[in-house]
Amino acid sequence: MHPTFTGSSTSFPGSLKGDVILVERFCLQKYKFSHGDVIIFRTPTNQKQLFVKRLIALPGDWIQVPESSEILQIPEGHCWVEGDNPASSLDSRSFGPIPLGLVQGRVTHVIWPPQRIGQVERKMPTGRISPY
Amino acid sequence: MAVGSRAAAWLAGAARRIGSVPWRNISAEAVDRTLLVVKAACFAHVINSYVVSLALVRGPSMLPTMNLTGDIIAVDRVTARWGTVAVGDVVLLRSPENPRKTVTKRVLGLEGDAVTYLVDPHKGDASKTLVVPKGYVWVQGDNIYDSRDSRQFGPVPYGLIQGRAFYRVWPPEGFGFIGQKVSI
């Protein structure tokens, strides 16, 4: 399994060790997203920091919070984001659903390094959200 | 045959006239003018998004500071970007309930502040106090009787703030700086 993104190492800030991605911003006209999109957003706890996670649930969906038996409904105007590597990902499991207004764009492609150039797929982990 | 030769003569005259138009000058001037318009549009866009922009605000939630029927205000975009919004500022922010809507409210608490608010001003004096978490702000409309704000949807992340309203441009009677009146 290929990792979706290789993050940049924090011990060498400024080096090009991480992936460089292409973000499209047309989706911000109508804030229309699909389940499984990878999006980039400002974190709710620090507006200067940007995170890249996958969109798991949209407003109105019922989601089962992992590692706990609670089911919660995503409030209007919010969404649930999770990283593809659940073992080490700071996402909605810690800070809850995030307002869609924090989203800055949708990731479509990886453009560097050359051996990882390609489209970022929209895939949805099964069994996470209820269809109702 | 006279018709044929007259038509030929007219066509030859037209070709000469078309040939004598200074096409190169006209096209150079057209490109120049278009580039000027494009540059002006880029400049206006950058100023609008990053320095200062105008916004029309309507609705009852900020009475008496803002009119019900609409005021045009100047919004400063630099303060929000640098993170220097202060308590008492009137800010424009994306609504946490609908990202396509921009609302205007006053900041009453920054991260770490303890905020006390009336739970329902129509029905008595019950109030609640809470501490604003890190990275969030507490916003309220000046007209607490008719405003949907942090009392309903909780503190909002700072990242939703789009700009700070600092000057009212229209109507002319209301011309002036927007104050920092901090309501209790």
# chains A, B, ... in the order shown; residues from 1 in each chain; ligands from 1

call {"tool": "select_by_dssp", "arguments": {"residues": "chain A", "states": "strand (DSSP E)", "output": "number ranges by chain"}}
result
A: 20-24, 38-42, 50-57, 62-64, 71-73, 78-82, 98-99, 103-112, 118-119, 129-130

call {"tool": "residues_around", "arguments": {"residues": "Ala86 of chain B", "least_positions_apart": "6", "cutoff": "10 Å", "atoms": "only C-alpha atoms", "output": "PyMOL selection string"}}
result
chain B and resi 79-80+106-110+137+164+180

call {"tool": "write_last_selection", "arguments": {"atoms": "N, CA, C and O atoms", "output": "short mmCIF file (atom, residue, chain, number, x, y, z; two decimals), in the first residue's frame"}}
result
data_model
loop_
_atom_site.label_atom_id
_atom_site.label_comp_id
_atom_site.auth_asym_id
_atom_site.auth_seq_id
_atom_site.Cartn_x
_atom_site.Cartn_y
_atom_site.Cartn_z
N THR B 79 -5.45 42.93 9.78
CA THR B 79 -5.49 42.59 11.20
C THR B 79 -5.80 41.12 11.42
O THR B 79 -5.19 40.46 12.24
N ALA B 80 -6.78 40.62 10.68
CA ALA B 80 -7.19 39.23 10.89
C ALA B 80 -6.06 38.28 10.48
O ALA B 80 -5.80 37.27 11.13
N ARG B 106 -19.44 41.30 16.93
CA ARG B 106 -18.38 41.92 17.71
C ARG B 106 -17.66 40.85 18.52
O ARG B 106 -18.29 39.96 19.08
N VAL B 107 -16.34 40.95 18.61
CA VAL B 107 -15.56 39.99 19.39
C VAL B 107 -15.65 40.38 20.86
O VAL B 107 -15.31 41.50 21.23
N LEU B 108 -16.14 39.45 21.68
CA LEU B 108 -16.23 39.77 23.11
C LEU B 108 -15.24 38.97 23.94
O LEU B 108 -15.09 39.23 25.12
N GLY B 109 -14.59 37.97 23.34
CA GLY B 109 -13.63 37.19 24.11
C GLY B 109 -12.63 36.52 23.19
O GLY B 109 -13.00 35.95 22.17
N LEU B 110 -11.35 36.57 23.59
CA LEU B 110 -10.31 35.87 22.84
C LEU B 110 -9.96 34.59 23.58
O LEU B 110 -10.51 34.30 24.64
N VAL B 137 -12.60 32.29 19.23
CA VAL B 137 -13.04 33.59 19.74
C VAL B 137 -14.53 33.52 20.00
O VAL B 137 -15.24 32.71 19.40
N ARG B 164 -11.69 42.91 9.74
CA ARG B 164 -12.16 43.75 10.84
C ARG B 164 -12.82 44.99 10.25
O ARG B 164 -12.22 45.67 9.42
N GLN B 180 -15.21 50.88 19.60
CA GLN B 180 -14.87 49.68 20.34
C GLN B 180 -15.75 49.53 21.55
O GLN B 180 -15.32 49.02 22.57
#

call {"tool": "atom_distance", "arguments": {"atom1": "atom CA of Thr34 of chain B", "atom2": "atom CA of Val52 of chain B"}}
result
25.4 Å

call {"tool": "interface_residues", "arguments": {"of": "chain B", "to": "chain A", "cutoff": "9 Å", "atoms": "only C-alpha atoms", "output": "PyMOL selection string"}}
result
chain B and resi 81+83+93-100+133-136+156-160

call {"tool": "write_last_selection", "arguments": {"atoms": "all heavy atoms", "output": "compact mmCIF listing (two decimals), in the first residue's frame"}}
result
# COMPACT_ATOMS: atom_id res chain seq x y z
N ARG B 81 -5.38 38.62 9.39
CA ARG B 81 -4.31 37.76 8.89
C ARG B 81 -3.15 37.71 9.86
O ARG B 81 -2.51 36.68 10.06
CB ARG B 81 -3.84 38.29 7.55
CG ARG B 81 -3.23 37.30 6.64
CD ARG B 81 -3.06 37.93 5.29
NE ARG B 81 -4.24 37.79 4.48
CZ ARG B 81 -4.52 36.71 3.75
NH1 ARG B 81 -3.70 35.71 3.72
NH2 ARG B 81 -5.63 36.64 3.07
N GLY B 83 -3.37 38.11 13.06
CA GLY B 83 -3.77 37.59 14.35
C GLY B 83 -3.86 38.63 15.43
O GLY B 83 -3.75 38.32 16.61
N LEU B 93 -17.00 37.40 9.64
CA LEU B 93 -16.51 36.03 9.68
C LEU B 93 -17.44 35.13 8.88
O LEU B 93 -18.61 35.45 8.69
CB LEU B 93 -16.41 35.52 11.12
CG LEU B 93 -17.66 35.57 11.97
CD1 LEU B 93 -17.89 34.25 12.64
CD2 LEU B 93 -17.51 36.64 13.04
N ARG B 94 -16.89 34.00 8.41
CA ARG B 94 -17.73 33.02 7.72
C ARG B 94 -18.58 32.34 8.78
O ARG B 94 -18.07 31.91 9.80
CB ARG B 94 -16.86 31.96 7.05
CG ARG B 94 -16.28 32.39 5.78
CD ARG B 94 -15.90 31.23 4.90
NE ARG B 94 -15.02 31.69 3.87
CZ ARG B 94 -15.41 32.35 2.79
NH1 ARG B 94 -16.67 32.58 2.59
NH2 ARG B 94 -14.53 32.77 1.92
N SER B 95 -19.86 32.23 8.50
CA SER B 95 -20.73 31.62 9.50
C SER B 95 -20.37 30.15 9.69
O SER B 95 -20.19 29.42 8.72
CB SER B 95 -22.18 31.74 9.01
OG SER B 95 -22.99 30.86 9.73
N PRO B 96 -20.26 29.68 10.95
CA PRO B 96 -19.96 28.26 11.15
C PRO B 96 -21.14 27.36 10.78
O PRO B 96 -20.97 26.16 10.68
CB PRO B 96 -19.66 28.16 12.66
CG PRO B 96 -20.21 29.38 13.26
CD PRO B 96 -20.28 30.43 12.21
N GLU B 97 -22.31 27.98 10.56
CA GLU B 97 -23.46 27.16 10.19
C GLU B 97 -23.64 27.08 8.69
O GLU B 97 -24.34 26.22 8.19
CB GLU B 97 -24.72 27.75 10.81
CG GLU B 97 -24.63 27.77 12.32
CD GLU B 97 -25.79 28.51 12.94
OE1 GLU B 97 -26.16 29.56 12.41
OE2 GLU B 97 -26.30 28.02 13.93
N ASN B 98 -23.02 27.98 7.94
CA ASN B 98 -23.17 27.99 6.49
C ASN B 98 -21.97 28.72 5.91
O ASN B 98 -21.89 29.95 5.95
CB ASN B 98 -24.46 28.71 6.10
CG ASN B 98 -24.65 28.74 4.61
OD1 ASN B 98 -23.80 28.28 3.84
ND2 ASN B 98 -25.77 29.29 4.18
N PRO B 99 -21.00 27.97 5.34
CA PRO B 99 -19.75 28.63 4.92
C PRO B 99 -19.94 29.64 3.80
O PRO B 99 -19.06 30.44 3.54
CB PRO B 99 -18.88 27.45 4.45
CG PRO B 99 -19.83 26.36 4.16
CD PRO B 99 -20.98 26.51 5.07
N ARG B 100 -21.11 29.61 3.15
CA ARG B 100 -21.30 30.56 2.05
C ARG B 100 -21.83 31.89 2.54
O ARG B 100 -22.03 32.79 1.77
CB ARG B 100 -22.26 29.95 1.04
CG ARG B 100 -21.69 28.67 0.46
CD ARG B 100 -22.65 27.99 -0.43
NE ARG B 100 -22.88 28.78 -1.61
CZ ARG B 100 -23.68 28.45 -2.60
NH1 ARG B 100 -24.35 27.33 -2.53
NH2 ARG B 100 -23.83 29.22 -3.64
N PRO B 133 -11.71 28.43 24.39
CA PRO B 133 -10.54 27.56 24.18
C PRO B 133 -9.50 28.19 23.27
O PRO B 133 -9.75 29.19 22.59
CB PRO B 133 -11.14 26.31 23.50
CG PRO B 133 -12.57 26.52 23.34
CD PRO B 133 -12.93 27.91 23.75
N LYS B 134 -8.31 27.59 23.23
CA LYS B 134 -7.20 28.10 22.44
C LYS B 134 -7.55 28.06 20.96
O LYS B 134 -8.01 27.05 20.46
CB LYS B 134 -5.97 27.24 22.73
CG LYS B 134 -4.74 27.66 21.95
CD LYS B 134 -3.51 26.96 22.44
CE LYS B 134 -2.27 27.34 21.64
NZ LYS B 134 -2.46 27.80 20.29
N GLY B 135 -7.31 29.15 20.28
CA GLY B 135 -7.57 29.21 18.84
C GLY B 135 -8.98 29.64 18.49
O GLY B 135 -9.32 29.77 17.32
N TYR B 136 -9.83 29.89 19.48
CA TYR B 136 -11.21 30.26 19.24
C TYR B 136 -11.48 31.69 19.71
O TYR B 136 -10.72 32.25 20.50
CB TYR B 136 -12.15 29.32 20.01
CG TYR B 136 -12.28 27.95 19.41
CD1 TYR B 136 -11.25 27.02 19.49
CD2 TYR B 136 -13.44 27.56 18.75
CE1 TYR B 136 -11.37 25.76 18.94
CE2 TYR B 136 -13.59 26.30 18.21
CZ TYR B 136 -12.55 25.40 18.31
OH TYR B 136 -12.68 24.15 17.77
N VAL B 156 -16.11 30.38 18.00
CA VAL B 156 -15.75 30.03 16.63
C VAL B 156 -14.25 30.04 16.48
O VAL B 156 -13.55 30.82 17.11
CB VAL B 156 -16.39 30.99 15.60
CG1 VAL B 156 -17.88 30.88 15.63
CG2 VAL B 156 -15.97 32.41 15.85
N PRO B 157 -13.70 29.15 15.60
CA PRO B 157 -12.26 29.18 15.37
C PRO B 157 -11.83 30.51 14.76
O PRO B 157 -12.54 31.09 13.94
CB PRO B 157 -12.02 28.03 14.37
CG PRO B 157 -13.23 27.19 14.43
CD PRO B 157 -14.36 28.07 14.83
N TYR B 158 -10.66 30.99 15.18
CA TYR B 158 -10.15 32.27 14.69
C TYR B 158 -10.03 32.25 13.17
O TYR B 158 -10.18 33.28 12.51
CB TYR B 158 -8.79 32.52 15.34
CG TYR B 158 -8.24 33.89 15.07
CD1 TYR B 158 -8.31 34.89 16.02
CD2 TYR B 158 -7.64 34.18 13.85
CE1 TYR B 158 -7.80 36.15 15.76
CE2 TYR B 158 -7.14 35.43 13.58
CZ TYR B 158 -7.23 36.42 14.55
OH TYR B 158 -6.73 37.66 14.29
N GLY B 159 -9.74 31.08 12.59
CA GLY B 159 -9.55 30.98 11.14
C GLY B 159 -10.75 31.38 10.31
O GLY B 159 -10.63 31.61 9.12
N LEU B 160 -11.92 31.48 10.95
CA LEU B 160 -13.12 31.88 10.19
C LEU B 160 -13.21 33.39 10.00
O LEU B 160 -14.01 33.85 9.21
CB LEU B 160 -14.38 31.41 10.92
CG LEU B 160 -14.67 29.92 10.89
CD1 LEU B 160 -15.93 29.62 11.67
CD2 LEU B 160 -14.83 29.42 9.48

call {"tool": "select_by_dssp", "arguments": {"residues": "segment 40-140 of chain B", "states": "helix (DSSP H, G or I)", "output": "list of chain:residue names"}}
result
B:Ala40, B:Ala41, B:Cys42, B:Phe43, B:Ala44, B:His45, B:Val46, B:Ile47, B:Asn48, B:Ser49, B:Tyr50, B:Val78, B:Thr79, B:Ala80, B:Arg81, B:Trp82, B:Pro121, B:His122, B:Lys123

call {"tool": "write_last_selection", "arguments": {"atoms": "C-alpha atoms", "output": "PDB file, in the first residue's frame"}}
result
ATOM      1  CA  ALA B  40      -5.594  47.265 -12.931  1.00  0.00           C
ATOM      2  CA  ALA B  41      -7.866  44.291 -12.265  1.00  0.00           C
ATOM      3  CA  CYS B  42      -5.026  42.330 -10.629  1.00  0.00           C
ATOM      4  CA  PHE B  43      -4.111  45.312  -8.475  1.00  0.00           C
ATOM      5  CA  ALA B  44      -7.733  45.837  -7.419  1.00  0.00           C
ATOM      6  CA  HIS B  45      -8.072  42.127  -6.577  1.00  0.00           C
ATOM      7  CA  VAL B  46      -4.933  42.099  -4.427  1.00  0.00           C
ATOM      8  CA  ILE B  47      -5.987  45.222  -2.537  1.00  0.00           C
ATOM      9  CA  ASN B  48      -9.492  43.823  -2.082  1.00  0.00           C
ATOM     10  CA  SER B  49      -8.327  40.472  -0.730  1.00  0.00           C
ATOM     11  CA  TYR B  50      -5.329  41.457   1.348  1.00  0.00           C
ATOM     12  CA  VAL B  78      -4.551  42.828   7.507  1.00  0.00           C
ATOM     13  CA  THR B  79      -5.487  42.587  11.204  1.00  0.00           C
ATOM     14  CA  ALA B  80      -7.189  39.227  10.886  1.00  0.00           C
ATOM     15  CA  ARG B  81      -4.312  37.760   8.889  1.00  0.00           C
ATOM     16  CA  TRP B  82      -1.732  38.896  11.446  1.00  0.00           C
ATOM     17  CA  PRO B 121     -32.447  37.845  27.406  1.00  0.00           C
ATOM     18  CA  HIS B 122     -36.159  37.535  26.610  1.00  0.00           C
ATOM     19  CA  LYS B 123     -36.669  35.251  29.559  1.00  0.00           C
TER      20      LYS B 123
END

call {"tool": "atom_distance", "arguments": {"atom1": "atom CA of Val139 of chain B", "atom2": "atom CA of Leu56 of chain B"}}
result
19.1 Å

call {"tool": "residues_around", "arguments": {"residues": "Val52 of chain A", "least_positions_apart": "5", "cutoff": "7 Å", "atoms": "only C-alpha atoms", "output": "PyMOL selection string"}}
result
chain A and resi 38-41

call {"tool": "closest_residue", "arguments": {"among": "A:Ser94, A:Gln119, A:Gln73, A:Thr108", "to": "Leu22 of chain A", "atoms": "only C-alpha atoms"}}
result
A:Thr108

call {"tool": "residues_around", "arguments": {"residues": "Leu55 of chain A", "least_positions_apart": "5", "cutoff": "9 Å", "atoms": "only C-alpha atoms", "output": "PyMOL selection string"}}
result
chain A and resi 33-39+79-83+124

call {"tool": "residues_around", "arguments": {"residues": "segment 111-120 of chain B", "least_positions_apart": "4", "cutoff": "10 Å", "atoms": "only C-alpha atoms", "output": "VMD selection string"}}
result
(chain A and resid 45) or (chain B and resid 87 124 to 138 140 144 to 145 150 to 152 155 157 to 158 184)

call {"tool": "write_last_selection", "arguments": {"atoms": "N, CA and C atoms", "output": "JSON list (two decimals), in the first residue's frame"}}
result
[["chain", "number", "residue", "atom", "x", "y", "z"],
["A", 45, "THR", "N", -7.54, 25.05, 16.17],
["A", 45, "THR", "CA", -6.80, 25.50, 17.34],
["A", 45, "THR", "C", -5.68, 26.48, 17.00],
["B", 87, "VAL", "N", -10.44, 42.39, 21.61],
["B", 87, "VAL", "CA", -11.80, 42.38, 22.16],
["B", 87, "VAL", "C", -12.43, 43.74, 21.88],
["B", 124, "GLY", "N", -35.60, 36.49, 31.33],
["B", 124, "GLY", "CA", -34.94, 36.54, 32.63],
["B", 124, "GLY", "C", -33.45, 36.73, 32.56],
["B", 125, "ASP", "N", -32.82, 36.55, 33.73],
["B", 125, "ASP", "CA", -31.43, 36.98, 33.91],
["B", 125, "ASP", "C", -30.44, 35.85, 33.98],
["B", 126, "ALA", "N", -30.83, 34.63, 33.66],
["B", 126, "ALA", "CA", -29.90, 33.50, 33.83],
["B", 126, "ALA", "C", -28.69, 33.71, 32.94],
["B", 127, "SER", "N", -27.51, 33.52, 33.52],
["B", 127, "SER", "CA", -26.31, 33.71, 32.70],
["B", 127, "SER", "C", -25.36, 32.55, 32.89],
["B", 128, "LYS", "N", -24.47, 32.37, 31.92],
["B", 128, "LYS", "CA", -23.48, 31.29, 31.97],
["B", 128, "LYS", "C", -22.12, 31.89, 31.76],
["B", 129, "THR", "N", -21.11, 31.23, 32.29],
["B", 129, "THR", "CA", -19.74, 31.69, 32.08],
["B", 129, "THR", "C", -18.95, 30.54, 31.53],
["B", 130, "LEU", "N", -18.08, 30.82, 30.54],
["B", 130, "LEU", "CA", -17.19, 29.77, 30.09],
["B", 130, "LEU", "C", -15.88, 30.38, 29.63],
["B", 131, "VAL", "N", -14.86, 29.52, 29.51],
["B", 131, "VAL", "CA", -13.54, 29.99, 29.08],
["B", 131, "VAL", "C", -13.40, 29.65, 27.60],
["B", 132, "VAL", "N", -12.94, 30.63, 26.83],
["B", 132, "VAL", "CA", -12.80, 30.42, 25.38],
["B", 132, "VAL", "C", -11.56, 29.55, 25.13],
["B", 133, "PRO", "N", -11.71, 28.43, 24.39],
["B", 133, "PRO", "CA", -10.54, 27.56, 24.18],
["B", 133, "PRO", "C", -9.50, 28.19, 23.27],
["B", 134, "LYS", "N", -8.31, 27.59, 23.23],
["B", 134, "LYS", "CA", -7.20, 28.10, 22.44],
["B", 134, "LYS", "C", -7.55, 28.06, 20.96],
["B", 135, "GLY", "N", -7.31, 29.15, 20.28],
["B", 135, "GLY", "CA", -7.57, 29.21, 18.84],
["B", 135, "GLY", "C", -8.98, 29.64, 18.49],
["B", 136, "TYR", "N", -9.83, 29.89, 19.48],
["B", 136, "TYR", "CA", -11.21, 30.26, 19.24],
["B", 136, "TYR", "C", -11.48, 31.69, 19.71],
["B", 137, "VAL", "N", -12.60, 32.29, 19.23],
["B", 137, "VAL", "CA", -13.04, 33.59, 19.74],
["B", 137, "VAL", "C", -14.53, 33.52, 20.00],
["B", 138, "TRP", "N", -14.99, 34.39, 20.89],
["B", 138, "TRP", "CA", -16.41, 34.47, 21.22],
["B", 138, "TRP", "C", -16.97, 35.72, 20.56],
["B", 140, "GLN", "N", -20.45, 38.08, 19.52],
["B", 140, "GLN", "CA", -21.86, 38.35, 19.80],
["B", 140, "GLN", "C", -22.30, 39.56, 19.00],
["B", 144, "ILE", "N", -28.55, 41.84, 21.39],
["B", 144, "ILE", "CA", -28.60, 40.48, 21.92],
["B", 144, "ILE", "C", -29.98, 39.86, 21.82],
["B", 145, "TYR", "N", -31.01, 40.70, 21.57],
["B", 145, "TYR", "CA", -32.36, 40.14, 21.48],
["B", 145, "TYR", "C", -32.63, 39.48, 20.14],
["B", 150, "SER", "N", -22.34, 33.43, 19.08],
["B", 150, "SER", "CA", -21.70, 32.39, 19.88],
["B", 150, "SER", "C", -22.58, 31.87, 20.99],
["B", 151, "ARG", "N", -23.63, 32.62, 21.36],
["B", 151, "ARG", "CA", -24.50, 32.09, 22.40],
["B", 151, "ARG", "C", -25.27, 30.88, 21.87],
["B", 152, "GLN", "N", -25.46, 30.81, 20.57],
["B", 152, "GLN", "CA", -26.11, 29.63, 19.99],
["B", 152, "GLN", "C", -25.12, 28.63, 19.44],
["B", 155, "PRO", "N", -18.14, 29.15, 20.70],
["B", 155, "PRO", "CA", -16.99, 29.94, 20.22],
["B", 155, "PRO", "C", -16.60, 29.46, 18.83],
["B", 157, "PRO", "N", -13.70, 29.15, 15.60],
["B", 157, "PRO", "CA", -12.26, 29.18, 15.37],
["B", 157, "PRO", "C", -11.83, 30.51, 14.76],
["B", 158, "TYR", "N", -10.66, 30.99, 15.18],
["B", 158, "TYR", "CA", -10.15, 32.27, 14.69],
["B", 158, "TYR", "C", -10.03, 32.25, 13.17],
["B", 184, "ILE", "N", -21.65, 45.04, 28.13],
["B", 184, "ILE", "CA", -21.50, 44.16, 29.29],
["B", 184, "ILE", "C", -22.14, 42.81, 29.01]]

call {"tool": "atom_distance", "arguments": {"atom1": "atom CA of Asp89 of chain B", "atom2": "atom CA of Arg25 of chain A"}}
result
29.3 Å

call {"tool": "residues_around", "arguments": {"residues": "Met62 of chain B", "least_positions_apart": "4", "cutoff": "9 Å", "atoms": "only C-alpha atoms", "output": "number ranges by chain"}}
result
B: 58, 66-68, 104-106, 140-144, 146-147

call {"tool": "residues_around", "arguments": {"residues": "Pro125 of chain A", "least_positions_apart": "2", "cutoff": "8 Å", "atoms": "only C-alpha atoms", "output": "mmCIF file with C-alpha atoms, in the first residue's frame"}}
result
data_model
loop_
_atom_site.group_PDB
_atom_site.id
_atom_site.type_symbol
_atom_site.label_atom_id
_atom_site.label_comp_id
_atom_site.auth_asym_id
_atom_site.auth_seq_id
_atom_site.Cartn_x
_atom_site.Cartn_y
_atom_site.Cartn_z
ATOM 1 C CA GLY A 36 -13.519 10.854 0.512
ATOM 2 C CA ILE A 56 -15.142 11.447 5.923
ATOM 3 C CA LYS A 123 -11.582 6.844 -1.484
ATOM 4 C CA GLY A 127 -18.775 1.349 7.129
ATOM 5 C CA ARG A 128 -18.004 4.682 8.742
#

call {"tool": "closest_residue", "arguments": {"among": "B:Ser61, B:Val38, B:Gly88, B:Val3", "to": "Ile178 of chain B", "atoms": "only C-alpha atoms"}}
result
B:Gly88
